[in-house]
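Okay, coords-v1.cif now, which holds mmCIF, C-alpha atoms and all ligand atoms:
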```
data_data
loop_
_atom_site.group_PDB
_atom_site.id
_atom_site.type_symbol
_atom_site.label_atom_id
_atom_site.label_comp_id
_atom_site.auth_asym_id
_atom_site.auth_seq_id
_atom_site.Cartn_x
_atom_site.Cartn_y
_atom_site.Cartn_z
ATOM 1 C CA MET T 1 272.786 -7.831 59.009
ATOM 2 C CA ALA T 2 271.808 -9.982 61.998
ATOM 3 C CA ASN T 3 272.444 -13.702 61.634
ATOM 4 C CA ILE T 4 269.497 -15.325 59.815
ATOM 5 C CA LEU T 5 269.353 -18.068 62.464
ATOM 6 C CA ASP T 6 268.240 -15.437 64.984
ATOM 7 C CA SER T 7 264.971 -15.124 63.031
ATOM 8 C CA PHE T 8 264.112 -18.723 63.989
ATOM 9 C CA LYS T 9 264.371 -17.997 67.721
ATOM 10 C CA LEU T 10 261.175 -17.881 69.826
ATOM 11 C CA ASP T 11 262.599 -16.479 73.047
ATOM 12 C CA GLY T 12 259.956 -14.723 75.131
ATOM 13 C CA LYS T 13 257.078 -16.041 73.021
ATOM 14 C CA VAL T 14 254.053 -17.875 74.465
ATOM 15 C CA ALA T 15 252.844 -20.845 72.418
ATOM 16 C CA LEU T 16 249.586 -22.780 72.828
ATOM 17 C CA VAL T 17 249.611 -26.236 71.229
ATOM 18 C CA THR T 18 246.154 -27.745 71.393
ATOM 19 C CA GLY T 19 246.182 -31.493 71.948
ATOM 20 C CA GLY T 20 249.833 -31.280 72.915
ATOM 21 C CA ALA T 21 249.780 -34.199 75.372
ATOM 22 C CA TYR T 22 251.392 -36.669 72.969
ATOM 23 C CA GLY T 23 251.835 -37.450 69.280
ATOM 24 C CA ILE T 24 252.401 -34.656 66.789
ATOM 25 C CA GLY T 25 251.369 -31.914 69.227
ATOM 26 C CA PHE T 26 253.919 -33.004 71.807
ATOM 27 C CA ALA T 27 256.743 -32.991 69.239
ATOM 28 C CA ILE T 28 255.739 -29.563 67.946
ATOM 29 C CA ALA T 29 255.581 -28.174 71.486
ATOM 30 C CA GLU T 30 259.014 -29.653 72.203
ATOM 31 C CA ALA T 31 260.408 -27.977 69.088
ATOM 32 C CA LEU T 32 258.931 -24.588 69.984
ATOM 33 C CA ALA T 33 260.319 -24.955 73.513
ATOM 34 C CA GLN T 34 263.779 -25.771 72.148
ATOM 35 C CA ALA T 35 263.519 -22.552 70.091
ATOM 36 C CA GLY T 36 262.811 -20.615 73.292
ATOM 37 C CA ALA T 37 259.020 -20.440 73.588
ATOM 38 C CA LYS T 38 257.026 -20.888 76.795
ATOM 39 C CA ILE T 39 254.635 -23.816 76.232
ATOM 40 C CA ALA T 40 250.965 -24.262 77.089
ATOM 41 C CA PHE T 41 249.024 -27.297 75.955
ATOM 42 C CA ASN T 42 245.576 -28.733 76.525
ATOM 43 C CA CYS T 43 243.778 -32.038 76.197
ATOM 44 C CA ARG T 44 240.575 -33.607 77.569
ATOM 45 C CA GLY T 45 241.954 -36.445 79.654
ATOM 46 C CA GLN T 46 243.451 -35.820 83.113
ATOM 47 C CA GLY T 47 245.507 -38.997 82.714
ATOM 48 C CA HIS T 48 246.899 -37.743 79.396
ATOM 49 C CA LEU T 49 247.655 -34.385 80.991
ATOM 50 C CA ASP T 50 249.462 -35.843 83.995
ATOM 51 C CA GLN T 51 251.572 -38.146 81.799
ATOM 52 C CA ALA T 52 252.352 -35.286 79.420
ATOM 53 C CA LEU T 53 253.571 -33.026 82.226
ATOM 54 C CA ALA T 54 255.937 -35.785 83.310
ATOM 55 C CA ASP T 55 257.095 -36.311 79.718
ATOM 56 C CA TYR T 56 257.730 -32.589 79.196
ATOM 57 C CA ALA T 57 259.586 -32.386 82.530
ATOM 58 C CA ALA T 58 261.755 -35.345 81.501
ATOM 59 C CA LYS T 59 262.843 -33.229 78.524
ATOM 60 C CA GLY T 60 263.514 -30.210 80.725
ATOM 61 C CA ILE T 61 260.434 -28.339 79.459
ATOM 62 C CA GLU T 62 258.273 -26.447 81.998
ATOM 63 C CA ALA T 63 255.038 -26.826 80.031
ATOM 64 C CA ARG T 64 251.719 -25.670 81.467
ATOM 65 C CA GLY T 65 248.899 -28.171 80.893
ATOM 66 C CA TYR T 66 245.154 -27.430 80.908
ATOM 67 C CA ILE T 67 242.037 -29.559 80.620
ATOM 68 C CA ALA T 68 239.839 -28.109 77.905
ATOM 69 C CA ASP T 69 237.774 -29.469 75.015
ATOM 70 C CA VAL T 70 238.660 -27.328 71.991
ATOM 71 C CA ALA T 71 235.150 -27.787 70.589
ATOM 72 C CA ASP T 72 233.580 -26.067 73.605
ATOM 73 C CA GLU T 73 233.591 -22.279 73.258
ATOM 74 C CA GLU T 74 233.274 -21.624 77.004
ATOM 75 C CA GLN T 75 236.118 -23.999 77.853
ATOM 76 C CA VAL T 76 238.275 -22.385 75.150
ATOM 77 C CA ALA T 77 237.566 -18.889 76.480
ATOM 78 C CA GLN T 78 238.584 -20.042 79.967
ATOM 79 C CA LEU T 79 241.679 -21.809 78.540
ATOM 80 C CA VAL T 80 242.900 -18.637 76.816
ATOM 81 C CA ALA T 81 242.180 -16.538 79.925
ATOM 82 C CA ASP T 82 244.073 -18.988 82.158
ATOM 83 C CA ILE T 83 247.100 -19.152 79.827
ATOM 84 C CA THR T 84 247.168 -15.367 79.518
ATOM 85 C CA ALA T 85 247.110 -15.037 83.330
ATOM 86 C CA ASP T 86 249.780 -17.732 83.801
ATOM 87 C CA LEU T 87 252.179 -17.018 80.913
ATOM 88 C CA GLY T 88 251.057 -13.869 79.089
ATOM 89 C CA THR T 89 249.309 -13.175 75.767
ATOM 90 C CA ILE T 90 249.513 -16.133 73.378
ATOM 91 C CA ASP T 91 251.873 -15.289 70.501
ATOM 92 C CA ILE T 92 251.758 -18.619 68.663
ATOM 93 C CA LEU T 93 248.727 -20.878 68.287
ATOM 94 C CA VAL T 94 249.063 -24.401 66.922
ATOM 95 C CA ASN T 95 245.632 -25.883 66.179
ATOM 96 C CA ASN T 96 246.735 -29.506 66.495
ATOM 97 C CA ALA T 97 244.005 -31.264 68.517
ATOM 98 C CA GLY T 98 242.048 -33.599 66.287
ATOM 99 C CA ILE T 99 240.284 -36.908 65.948
ATOM 100 C CA ILE T 100 239.488 -39.300 63.131
ATOM 101 C CA LYS T 101 236.693 -41.800 62.641
ATOM 102 C CA ARG T 102 237.281 -44.561 60.102
ATOM 103 C CA ILE T 103 233.757 -45.694 59.118
ATOM 104 C CA PRO T 104 232.369 -46.453 55.625
ATOM 105 C CA MET T 105 230.281 -43.432 54.674
ATOM 106 C CA LEU T 106 227.016 -45.346 54.326
ATOM 107 C CA GLU T 107 227.532 -46.633 57.883
ATOM 108 C CA MET T 108 228.701 -43.298 59.306
ATOM 109 C CA SER T 109 226.028 -41.490 61.284
ATOM 110 C CA ALA T 110 225.491 -37.770 60.910
ATOM 111 C CA ALA T 111 226.520 -37.528 64.556
ATOM 112 C CA ASP T 112 229.854 -39.221 63.792
ATOM 113 C CA PHE T 113 230.446 -36.896 60.843
ATOM 114 C CA ARG T 114 229.441 -33.866 62.901
ATOM 115 C CA GLN T 115 231.785 -34.777 65.781
ATOM 116 C CA VAL T 116 234.799 -34.966 63.478
ATOM 117 C CA ILE T 117 233.890 -31.647 61.836
ATOM 118 C CA ASP T 118 233.357 -30.160 65.306
ATOM 119 C CA ILE T 119 236.802 -31.031 66.612
ATOM 120 C CA ASP T 120 238.881 -30.909 63.412
ATOM 121 C CA LEU T 121 237.345 -27.800 61.785
ATOM 122 C CA ASN T 122 234.983 -25.890 64.059
ATOM 123 C CA ALA T 123 237.446 -26.012 66.964
ATOM 124 C CA PRO T 124 240.331 -24.372 65.051
ATOM 125 C CA PHE T 125 237.867 -21.577 64.199
ATOM 126 C CA ILE T 126 236.817 -21.272 67.861
ATOM 127 C CA VAL T 127 240.371 -21.272 69.244
ATOM 128 C CA SER T 128 241.705 -18.930 66.542
ATOM 129 C CA LYS T 129 238.834 -16.500 67.215
ATOM 130 C CA ALA T 130 239.659 -16.580 70.945
ATOM 131 C CA VAL T 131 243.385 -15.914 70.382
ATOM 132 C CA LEU T 132 243.302 -13.382 67.517
ATOM 133 C CA PRO T 133 242.182 -10.254 69.465
ATOM 134 C CA GLY T 134 245.245 -10.457 71.715
ATOM 135 C CA ARG T 135 247.507 -10.825 68.704
ATOM 136 C CA ILE T 136 245.918 -7.957 66.796
ATOM 137 C CA ALA T 137 246.383 -5.741 69.851
ATOM 138 C CA LYS T 138 250.068 -6.711 69.926
ATOM 139 C CA GLY T 139 250.536 -6.127 66.215
ATOM 140 C CA HIS T 140 251.728 -9.598 65.260
ATOM 141 C CA GLY T 141 250.881 -13.265 65.668
ATOM 142 C CA LYS T 142 251.252 -16.754 64.264
ATOM 143 C CA ILE T 143 248.634 -19.437 63.730
ATOM 144 C CA ILE T 144 249.614 -22.895 62.500
ATOM 145 C CA ASN T 145 246.784 -25.254 61.544
ATOM 146 C CA ILE T 146 247.661 -28.937 61.425
ATOM 147 C CA CYS T 147 246.056 -29.961 58.182
ATOM 148 C CA SER T 148 246.692 -33.277 56.450
ATOM 149 C CA MET T 149 247.315 -35.012 53.151
ATOM 150 C CA MET T 150 243.560 -35.392 53.368
ATOM 151 C CA SER T 151 243.316 -31.651 52.835
ATOM 152 C CA GLU T 152 244.116 -32.662 49.224
ATOM 153 C CA LEU T 153 243.109 -36.300 48.829
ATOM 154 C CA GLY T 154 240.265 -38.546 49.942
ATOM 155 C CA ARG T 155 240.155 -42.171 50.809
ATOM 156 C CA GLU T 156 237.502 -44.663 51.834
ATOM 157 C CA THR T 157 236.043 -44.494 55.389
ATOM 158 C CA ILE T 158 237.210 -41.005 56.356
ATOM 159 C CA ALA T 159 234.543 -38.696 54.883
ATOM 160 C CA GLY T 160 234.298 -36.488 57.976
ATOM 161 C CA TYR T 161 238.046 -36.217 58.411
ATOM 162 C CA ALA T 162 238.811 -35.350 54.777
ATOM 163 C CA ALA T 163 235.976 -32.795 54.712
ATOM 164 C CA ALA T 164 237.284 -31.219 57.915
ATOM 165 C CA LYS T 165 240.914 -31.103 56.789
ATOM 166 C CA GLY T 166 239.931 -29.697 53.394
ATOM 167 C CA GLY T 167 237.962 -27.019 55.202
ATOM 168 C CA LEU T 168 240.888 -26.356 57.529
ATOM 169 C CA LYS T 169 243.087 -25.575 54.510
ATOM 170 C CA MET T 170 240.538 -22.973 53.393
ATOM 171 C CA LEU T 171 240.117 -21.595 56.936
ATOM 172 C CA THR T 172 243.915 -21.148 56.909
ATOM 173 C CA ARG T 173 243.685 -19.119 53.694
ATOM 174 C CA ASN T 174 240.754 -17.103 55.042
ATOM 175 C CA ILE T 175 242.481 -16.130 58.287
ATOM 176 C CA CYS T 176 245.458 -15.081 56.142
ATOM 177 C CA SER T 177 243.131 -12.994 53.967
ATOM 178 C CA GLU T 178 241.225 -11.352 56.813
ATOM 179 C CA PHE T 179 244.146 -10.611 59.169
ATOM 180 C CA GLY T 180 247.280 -10.378 57.018
ATOM 181 C CA GLU T 181 247.156 -6.589 57.237
ATOM 182 C CA GLN T 182 247.317 -6.900 61.056
ATOM 183 C CA ASN T 183 250.589 -8.796 60.654
ATOM 184 C CA ILE T 184 248.997 -12.149 61.465
ATOM 185 C CA GLN T 185 250.494 -15.091 59.575
ATOM 186 C CA CYS T 186 248.281 -18.184 59.394
ATOM 187 C CA ASN T 187 249.741 -21.243 57.688
ATOM 188 C CA GLY T 188 249.190 -24.979 57.753
ATOM 189 C CA ILE T 189 251.400 -27.991 58.146
ATOM 190 C CA GLY T 190 250.213 -31.004 56.155
ATOM 191 C CA PRO T 191 251.803 -34.118 57.636
ATOM 192 C CA GLY T 192 251.923 -37.289 55.585
ATOM 193 C CA TYR T 193 251.370 -40.578 57.365
ATOM 194 C CA ILE T 194 252.946 -40.186 60.804
ATOM 195 C CA ALA T 195 253.479 -42.932 63.399
ATOM 196 C CA THR T 196 251.347 -41.793 66.335
ATOM 197 C CA PRO T 197 248.519 -43.326 68.401
ATOM 198 C CA GLN T 198 246.080 -41.962 65.817
ATOM 199 C CA THR T 199 247.523 -44.166 63.079
ATOM 200 C CA ALA T 200 248.453 -47.145 65.253
ATOM 201 C CA PRO T 201 245.496 -49.220 63.943
ATOM 202 C CA LEU T 202 246.911 -48.852 60.410
ATOM 203 C CA ARG T 203 250.271 -50.309 61.455
ATOM 204 C CA GLU T 204 249.190 -53.220 63.664
ATOM 205 C CA LEU T 205 250.851 -56.548 62.860
ATOM 206 C CA GLN T 206 248.510 -59.148 61.418
ATOM 207 C CA PRO T 207 247.697 -62.371 63.351
ATOM 208 C CA ASP T 208 250.300 -64.206 61.255
ATOM 209 C CA GLY T 209 252.914 -61.589 62.239
ATOM 210 C CA SER T 210 252.944 -59.921 58.834
ATOM 211 C CA ARG T 211 252.811 -56.159 58.397
ATOM 212 C CA HIS T 212 249.391 -54.475 58.097
ATOM 213 C CA PRO T 213 248.438 -54.161 54.405
ATOM 214 C CA PHE T 214 247.916 -50.417 54.881
ATOM 215 C CA ASP T 215 251.420 -50.111 56.353
ATOM 216 C CA GLN T 216 252.837 -51.806 53.244
ATOM 217 C CA PHE T 217 250.646 -49.613 51.007
ATOM 218 C CA ILE T 218 251.824 -46.352 52.572
ATOM 219 C CA CYS T 219 255.498 -47.288 52.388
ATOM 220 C CA ALA T 220 255.051 -48.145 48.694
ATOM 221 C CA LYS T 221 253.271 -44.821 48.115
ATOM 222 C CA THR T 222 255.886 -42.712 49.910
ATOM 223 C CA PRO T 223 259.187 -41.899 48.119
ATOM 224 C CA ALA T 224 260.875 -41.898 51.536
ATOM 225 C CA ALA T 225 259.561 -45.493 51.824
ATOM 226 C CA ARG T 226 258.749 -45.024 55.487
ATOM 227 C CA TRP T 227 256.159 -43.587 57.864
ATOM 228 C CA GLY T 228 256.933 -40.140 59.174
ATOM 229 C CA THR T 229 257.690 -39.491 62.828
ATOM 230 C CA PRO T 230 256.423 -36.550 64.898
ATOM 231 C CA GLU T 231 260.043 -35.362 64.983
ATOM 232 C CA ASP T 232 259.940 -34.938 61.180
ATOM 233 C CA LEU T 233 257.532 -32.030 61.734
ATOM 234 C CA MET T 234 259.602 -30.090 64.270
ATOM 235 C CA GLY T 235 261.599 -27.962 61.814
ATOM 236 C CA ALA T 236 258.529 -26.888 59.834
ATOM 237 C CA ALA T 237 256.782 -25.892 63.061
ATOM 238 C CA VAL T 238 259.652 -23.694 64.249
ATOM 239 C CA PHE T 239 259.903 -22.063 60.810
ATOM 240 C CA LEU T 240 256.183 -21.220 60.626
ATOM 241 C CA ALA T 241 256.103 -20.061 64.276
ATOM 242 C CA SER T 242 259.080 -17.698 63.856
ATOM 243 C CA ASP T 243 260.001 -14.394 62.226
ATOM 244 C CA ALA T 244 261.717 -16.438 59.502
ATOM 245 C CA SER T 245 258.266 -16.929 57.935
ATOM 246 C CA ASN T 246 256.875 -13.390 58.338
ATOM 247 C CA PHE T 247 256.163 -13.103 54.592
ATOM 248 C CA VAL T 248 254.684 -16.618 54.322
ATOM 249 C CA ASN T 249 250.904 -16.574 54.705
ATOM 250 C CA GLY T 250 247.970 -18.784 53.742
ATOM 251 C CA GLN T 251 250.198 -21.685 52.756
ATOM 252 C CA VAL T 252 250.114 -25.369 53.688
ATOM 253 C CA LEU T 253 253.594 -26.852 54.030
ATOM 254 C CA TYR T 254 253.354 -30.583 53.313
ATOM 255 C CA VAL T 255 255.787 -32.651 55.346
ATOM 256 C CA ASP T 256 254.912 -35.983 53.791
ATOM 257 C CA GLY T 257 258.053 -37.735 52.560
ATOM 258 C CA GLY T 258 256.958 -36.896 49.003
ATOM 259 C CA ILE T 259 253.783 -38.972 48.991
ATOM 260 C CA LEU T 260 251.649 -36.235 47.404
ATOM 261 C CA ALA T 261 254.116 -36.003 44.494
ATOM 262 C CA TYR T 262 254.342 -39.735 43.759
ATOM 263 C CA ILE T 263 252.073 -42.181 41.893
ATOM 264 C CA GLY T 264 253.455 -45.034 43.986
ATOM 265 C CA LYS T 265 255.766 -47.999 43.483
ATOM 266 C CA GLN T 266 254.657 -50.726 41.069
ATOM 267 C CA PRO T 267 253.757 -53.827 43.085
ATOM 268 C CA SER T 268 256.515 -56.454 42.734
HETATM 269 P P1 LIG T 301 246.629 -38.293 68.434
HETATM 270 O O1 LIG T 301 247.823 -39.147 68.665
HETATM 271 O O2 LIG T 301 245.275 -38.919 68.386
HETATM 272 O O3 LIG T 301 246.634 -37.067 69.488
HETATM 273 C C1 LIG T 301 245.565 -36.183 69.445
HETATM 274 C C2 LIG T 301 245.698 -35.213 70.603
HETATM 275 O O4 LIG T 301 244.596 -34.317 70.570
HETATM 276 C C3 LIG T 301 245.661 -35.884 71.960
HETATM 277 O O5 LIG T 301 246.513 -35.159 72.847
HETATM 278 C C4 LIG T 301 244.213 -35.713 72.397
HETATM 279 O O6 LIG T 301 244.165 -35.758 73.809
HETATM 280 C C5 LIG T 301 243.901 -34.334 71.819
HETATM 281 N N1 LIG T 301 242.480 -34.078 71.550
HETATM 282 C C6 LIG T 301 241.635 -34.792 70.764
HETATM 283 N N2 LIG T 301 240.416 -34.225 70.749
HETATM 284 C C7 LIG T 301 240.484 -33.131 71.558
HETATM 285 C C8 LIG T 301 239.548 -32.141 71.958
HETATM 286 N N3 LIG T 301 238.283 -32.162 71.535
HETATM 287 N N4 LIG T 301 239.965 -31.156 72.789
HETATM 288 C C9 LIG T 301 241.244 -31.126 73.242
HETATM 289 N N5 LIG T 301 242.188 -32.042 72.892
HETATM 290 C C10 LIG T 301 241.795 -33.029 72.064
HETATM 291 O O7 LIG T 301 246.788 -37.540 67.025
HETATM 292 P P2 LIG T 301 248.094 -37.167 66.177
HETATM 293 O O8 LIG T 301 248.398 -38.267 65.226
HETATM 294 O O9 LIG T 301 249.160 -36.655 67.101
HETATM 295 O O10 LIG T 301 247.501 -35.964 65.307
HETATM 296 C C11 LIG T 301 247.539 -34.643 65.777
HETATM 297 C C12 LIG T 301 246.976 -33.774 64.663
HETATM 298 O O11 LIG T 301 247.673 -34.047 63.446
HETATM 299 C C13 LIG T 301 245.500 -34.059 64.373
HETATM 300 O O12 LIG T 301 244.869 -32.852 63.991
HETATM 301 C C14 LIG T 301 245.566 -34.985 63.165
HETATM 302 O O13 LIG T 301 244.389 -34.913 62.383
HETATM 303 C C15 LIG T 301 246.737 -34.418 62.437
HETATM 304 N N6 LIG T 301 247.405 -35.321 61.495
HETATM 305 C C16 LIG T 301 247.862 -36.540 61.928
HETATM 306 C C17 LIG T 301 248.549 -37.352 60.994
HETATM 307 C C18 LIG T 301 249.085 -38.702 61.359
HETATM 308 O O14 LIG T 301 249.422 -39.461 60.436
HETATM 309 N N7 LIG T 301 249.185 -39.048 62.626
HETATM 310 C C19 LIG T 301 248.764 -36.892 59.699
HETATM 311 C C20 LIG T 301 248.233 -35.664 59.314
HETATM 312 C C21 LIG T 301 247.577 -34.875 60.236
HETATM 313 P P3 LIG T 301 242.767 -36.123 74.594
HETATM 314 O O15 LIG T 301 242.188 -37.331 73.878
HETATM 315 O O16 LIG T 301 243.188 -36.396 76.006
HETATM 316 O O17 LIG T 301 241.889 -34.938 74.464
HETATM 317 C C1 LIG T 302 244.014 -42.351 57.626
HETATM 318 C C2 LIG T 302 245.098 -41.652 58.393
HETATM 319 C C3 LIG T 302 245.394 -40.312 57.764
HETATM 320 C C4 LIG T 302 246.418 -39.592 58.585
HETATM 321 C C5 LIG T 302 246.755 -38.261 58.000
HETATM 322 C C6 LIG T 302 247.392 -38.361 56.644
HETATM 323 O O1 LIG T 302 243.205 -43.076 58.243
HETATM 324 O O2 LIG T 302 244.014 -42.187 56.397
HETATM 325 O O3 LIG T 302 244.722 -41.504 59.749
HETATM 326 O O4 LIG T 302 244.225 -39.568 57.661
HETATM 327 O O5 LIG T 302 245.934 -39.358 59.867
HETATM 328 O O6 LIG T 302 245.697 -37.386 58.017
HETATM 329 O O7 LIG T 302 247.871 -37.077 56.283
#
```

Do you think you could lay out the structure here as structure tokens?
Ligand code: NAP
Ligand code: GCO
Amino acid sequence: MANILDSFKLDGKVALVTGGAYGIGFAIAEALAQAGAKIAFNCRGQGHLDQALADYAAKGIEARGYIADVADEEQVAQLVADITADLGTIDILVNNAGIIKRIPMLEMSAADFRQVIDIDLNAPFIVSKAVLPGRIAKGHGKIINICSMMSELGRETIAGYAAAKGGLKMLTRNICSEFGEQNIQCNGIGPGYIATPQTAPLRELQPDGSRHPFDQFICAKTPAARWGTPEDLMGAAVFLASDASNFVNGQVLYVDGGILAYIGKQPS
């Protein structure tokens, strides 16, 4: 029998990580590159793209970067065509690009809600639909949707985000259901609270220099008693992108330090 570690290798594979300019997407792309994959990523900002290319190069990764809004079907079609021309058919898709709006529901406009749904839920549908035909033709493929703890739990001020991430969990199960027979595996990663630009406002020091109340709350709610880092997600990404997970489908792997399992520490 071949060594089981060989099943985690991604040599010769092409991976698209949407929103892979920084944060979780960058770490996932780095992990897939370390496992042997050729990396393509996209974002909306030219400044983000230029900085990301430099950051990837500093790690010895020859990533290809593209400007494309994942919520725009025409831009996504062009993105997939460009990557296919540059690197070959996309084998691994990581639907990572996402936004959040933290607004009390009664103050949240329908436009705000719609924008979050558009990017966090409609876009994974659009990008998956653009990538799937090439994978079906090849007889195998991997889709990883970056879900969230909020695929399971709600909290104040994030109605659009929780609705989108809950929907993304079900889209993950539906892609599994519709394409499993074509040897497509579609799974989710559900990060806990991860220290990235997206959560920076929740960790800002208070004017008196004390820790943000939400920072203290999350550390008390997490058995690991810390925020996660993008690097904490790298192993799960390689597993779900590789042959090691060929019989895993429709699942969400929570990488959350145990927060979903824990009622939380009693305040001292
Ligand atoms: P982030 O730091 O805000 O990075 C988001 C990335 O997505 C950026 O590269 C951004 O670049 C890109 N992006 C946003 N909207 C886009 C669009 N419409 N089209 C193309 N690219 C777009 O976020 P993060 O913390 O790394 O989170 C990444 C994913 O993990 C998101 O789906 C998020 O919901 C999820 N997540 C995060 C946490 C956490 O605690 N951080 C936990 C669970 C799940 P541009 O702005 O230049 O486009
Ligand atoms: C928030 C946070 C969370 C994290 C993540 C947790 O405001 O509650 O941004 O939503 O981003 O989704 O898993």

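Going from CA of Gln206 (chain T) over to CA of Ile218 (chain T), you cover 15.9 Å.
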
Next on the checklist: Please return as a PyMOL selection string the residues found within 8 Å of ligand LIG 301 (chain T), counting only C-alpha atoms and all ligand atoms.
Outcome noted: chain T and resi 18-26+42-49+67-72+95-100+119-120+123+146-150+161+165+190-199+228+230

Write out as an mmCIF file with C-alpha atoms, keeping the file's coordinate frame the residues lying within 7 Å of Gly36 (chain T), counting all atoms listed in the file and excluding same-chain residues fewer than 6 positions away.
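So part-v3.cif came out as:
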```cif
data_model
loop_
_atom_site.group_PDB
_atom_site.id
_atom_site.type_symbol
_atom_site.label_atom_id
_atom_site.label_comp_id
_atom_site.auth_asym_id
_atom_site.auth_seq_id
_atom_site.Cartn_x
_atom_site.Cartn_y
_atom_site.Cartn_z
ATOM 1 C CA LYS T 9 264.371 -17.997 67.721
ATOM 2 C CA LEU T 10 261.175 -17.881 69.826
ATOM 3 C CA ASP T 11 262.599 -16.479 73.047
ATOM 4 C CA GLY T 12 259.956 -14.723 75.131
#
```

Checklist entry - When you draw a straight line from CA of Ala31 (chain T) to CA of Arg64 (chain T), how long is it in Å? => result 15.3 Å

Checklist entry - Hey, can you check how far CA of Glu181 (chain T) sits from CA of Gly134 (chain T)? => result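 According to the coordinates, CA of Glu181 (chain T) and CA of Gly134 (chain T) are separated by 15.1 Å.
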
Next on the checklist: When you count all atoms listed in the file, which of these residues is closest to Ser109 (chain T): T:Ala220, T:Ala159, T:Ile28, T:Ser151?
Outcome noted: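 When distances to Ser109 (chain T) are compared using all atoms listed in the file, the smallest one comes from T:Ala159.
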
Next on the checklist: Running the PyMOL selection byres (((chain T and resi 174) around 12) and not hetatm) on this model by hand, what would come out? Give it as a PyMOL selection string.
Outcome noted: chain T and resi 125+128+143+167-173+175-180+184-188+249-251

Checklist entry - Hey, what's within 12 Å of Lys13 (chain T) if we count only C-alpha atoms and toss same-chain stuff fewer than 5 positions away? As a PyMOL selection string, please? => result chain T and resi 8+32-40+84+87-93+135+140-142+238+241-243

Expand the PyMOL selection byres (((chain T and resi 55) around 12) and not hetatm) into the explicit residue set it covers here, and present it as a PDB file with C-alpha atoms, in the frame of the given file.
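Result file is part.pdb:
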```pdb
ATOM      1  CA  GLY T  20     249.833 -31.280  72.915  1.00  0.00           C
ATOM      2  CA  ALA T  21     249.780 -34.199  75.372  1.00  0.00           C
ATOM      3  CA  TYR T  22     251.392 -36.669  72.969  1.00  0.00           C
ATOM      4  CA  GLY T  23     251.835 -37.450  69.280  1.00  0.00           C
ATOM      5  CA  PHE T  26     253.919 -33.004  71.807  1.00  0.00           C
ATOM      6  CA  ALA T  27     256.743 -32.991  69.239  1.00  0.00           C
ATOM      7  CA  ALA T  29     255.581 -28.174  71.486  1.00  0.00           C
ATOM      8  CA  GLU T  30     259.014 -29.653  72.203  1.00  0.00           C
ATOM      9  CA  HIS T  48     246.899 -37.743  79.396  1.00  0.00           C
ATOM     10  CA  LEU T  49     247.655 -34.385  80.991  1.00  0.00           C
ATOM     11  CA  ASP T  50     249.462 -35.843  83.995  1.00  0.00           C
ATOM     12  CA  GLN T  51     251.572 -38.146  81.799  1.00  0.00           C
ATOM     13  CA  ALA T  52     252.352 -35.286  79.420  1.00  0.00           C
ATOM     14  CA  LEU T  53     253.571 -33.026  82.226  1.00  0.00           C
ATOM     15  CA  ALA T  54     255.937 -35.785  83.310  1.00  0.00           C
ATOM     16  CA  TYR T  56     257.730 -32.589  79.196  1.00  0.00           C
ATOM     17  CA  ALA T  57     259.586 -32.386  82.530  1.00  0.00           C
ATOM     18  CA  ALA T  58     261.755 -35.345  81.501  1.00  0.00           C
ATOM     19  CA  LYS T  59     262.843 -33.229  78.524  1.00  0.00           C
ATOM     20  CA  GLY T  60     263.514 -30.210  80.725  1.00  0.00           C
ATOM     21  CA  ILE T  61     260.434 -28.339  79.459  1.00  0.00           C
ATOM     22  CA  GLU T  62     258.273 -26.447  81.998  1.00  0.00           C
ATOM     23  CA  ALA T  63     255.038 -26.826  80.031  1.00  0.00           C
ATOM     24  CA  GLY T  65     248.899 -28.171  80.893  1.00  0.00           C
TER      25      GLY T  65
END
```

Checklist entry - With all atoms listed in the file as the basis for distance, which of T:Tyr254, T:Tyr66, T:Phe239, T:Phe113 is at the shortest distance from ligand LIG 302 (chain T)? => result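 For ligand LIG 302 (chain T), the nearest of the given residues is T:Tyr254.
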
Edge lengths and centre in Å to one decimal, as JSON, is what I'm after for the box along x, y and z that holds all listed atoms of region 50-59 of chain T once 5 Å is added on each side.
```
{"center_x": 256.2, "center_y": -35.3, "center_z": 81.3, "size_x": 23.4, "size_y": 15.8, "size_z": 15.5}
```

Item to check | Protein/DNA/RNA residues near (246.8, -22.0, 76.8), cut 6 Å, only C-alpha atoms, as a ChimeraX atom specification | outcome: /T:16,40-41,79-80,83

Checklist entry - Out of T:Gln182, T:Asn122, T:Asn3, T:Thr222, which residue has the shortest atom-to-atom distance to ligand LIG 302 (chain T) when counting only C-alpha atoms and all ligand atoms? => result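 Closest residue, counting only C-alpha atoms and all ligand atoms: T:Thr222.
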
Item to check | Which residue of T:Val116, T:Leu106, T:Ile263, T:Ala200 approaches ligand LIG 302 (chain T) most closely, using only C-alpha atoms and all ligand atoms | outcome: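 The answer is T:Ala200, which sits nearest to ligand LIG 302 (chain T).
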
Checklist entry - Of the candidates T:Leu240, T:Ala137, T:Ile189, T:Ala85, which one gets nearest to ligand LIG 302 (chain T) if we count all atoms listed in the file? => result T:Ile189

Next on the checklist: Using only C-alpha atoms and all ligand atoms for the distances, tell me which of T:Gly264, T:Pro124, T:Gly209, T:Pro104 is nearest to ligand LIG 302 (chain T).
Outcome noted: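 Result for the nearest residue to ligand LIG 302 (chain T): T:Pro104.
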
Checklist entry - Hey, what's within 8 Å of Glu73 (chain T) if we count only C-alpha atoms and toss same-chain stuff fewer than 3 positions away? As a ChimeraX atom specification, please? => result /T:70,76-77,126-127

Next on the checklist: Report as a PyMOL selection string all protein, DNA and RNA residues lying within 7 Å of Ile158 (chain T), evaluated on only C-alpha atoms, omitting residues in the same chain fewer than 5 positions from it.
Outcome noted: chain T and resi 101-103

Those same residues, written as a PDB file, keeping the file's coordinate frame with C-alpha atoms?
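What follows is the written file result.pdb:
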```
ATOM      1  CA  LYS T 101     236.693 -41.800  62.641  1.00  0.00           C
ATOM      2  CA  ARG T 102     237.281 -44.561  60.102  1.00  0.00           C
ATOM      3  CA  ILE T 103     233.757 -45.694  59.118  1.00  0.00           C
TER       4      ILE T 103
END
```
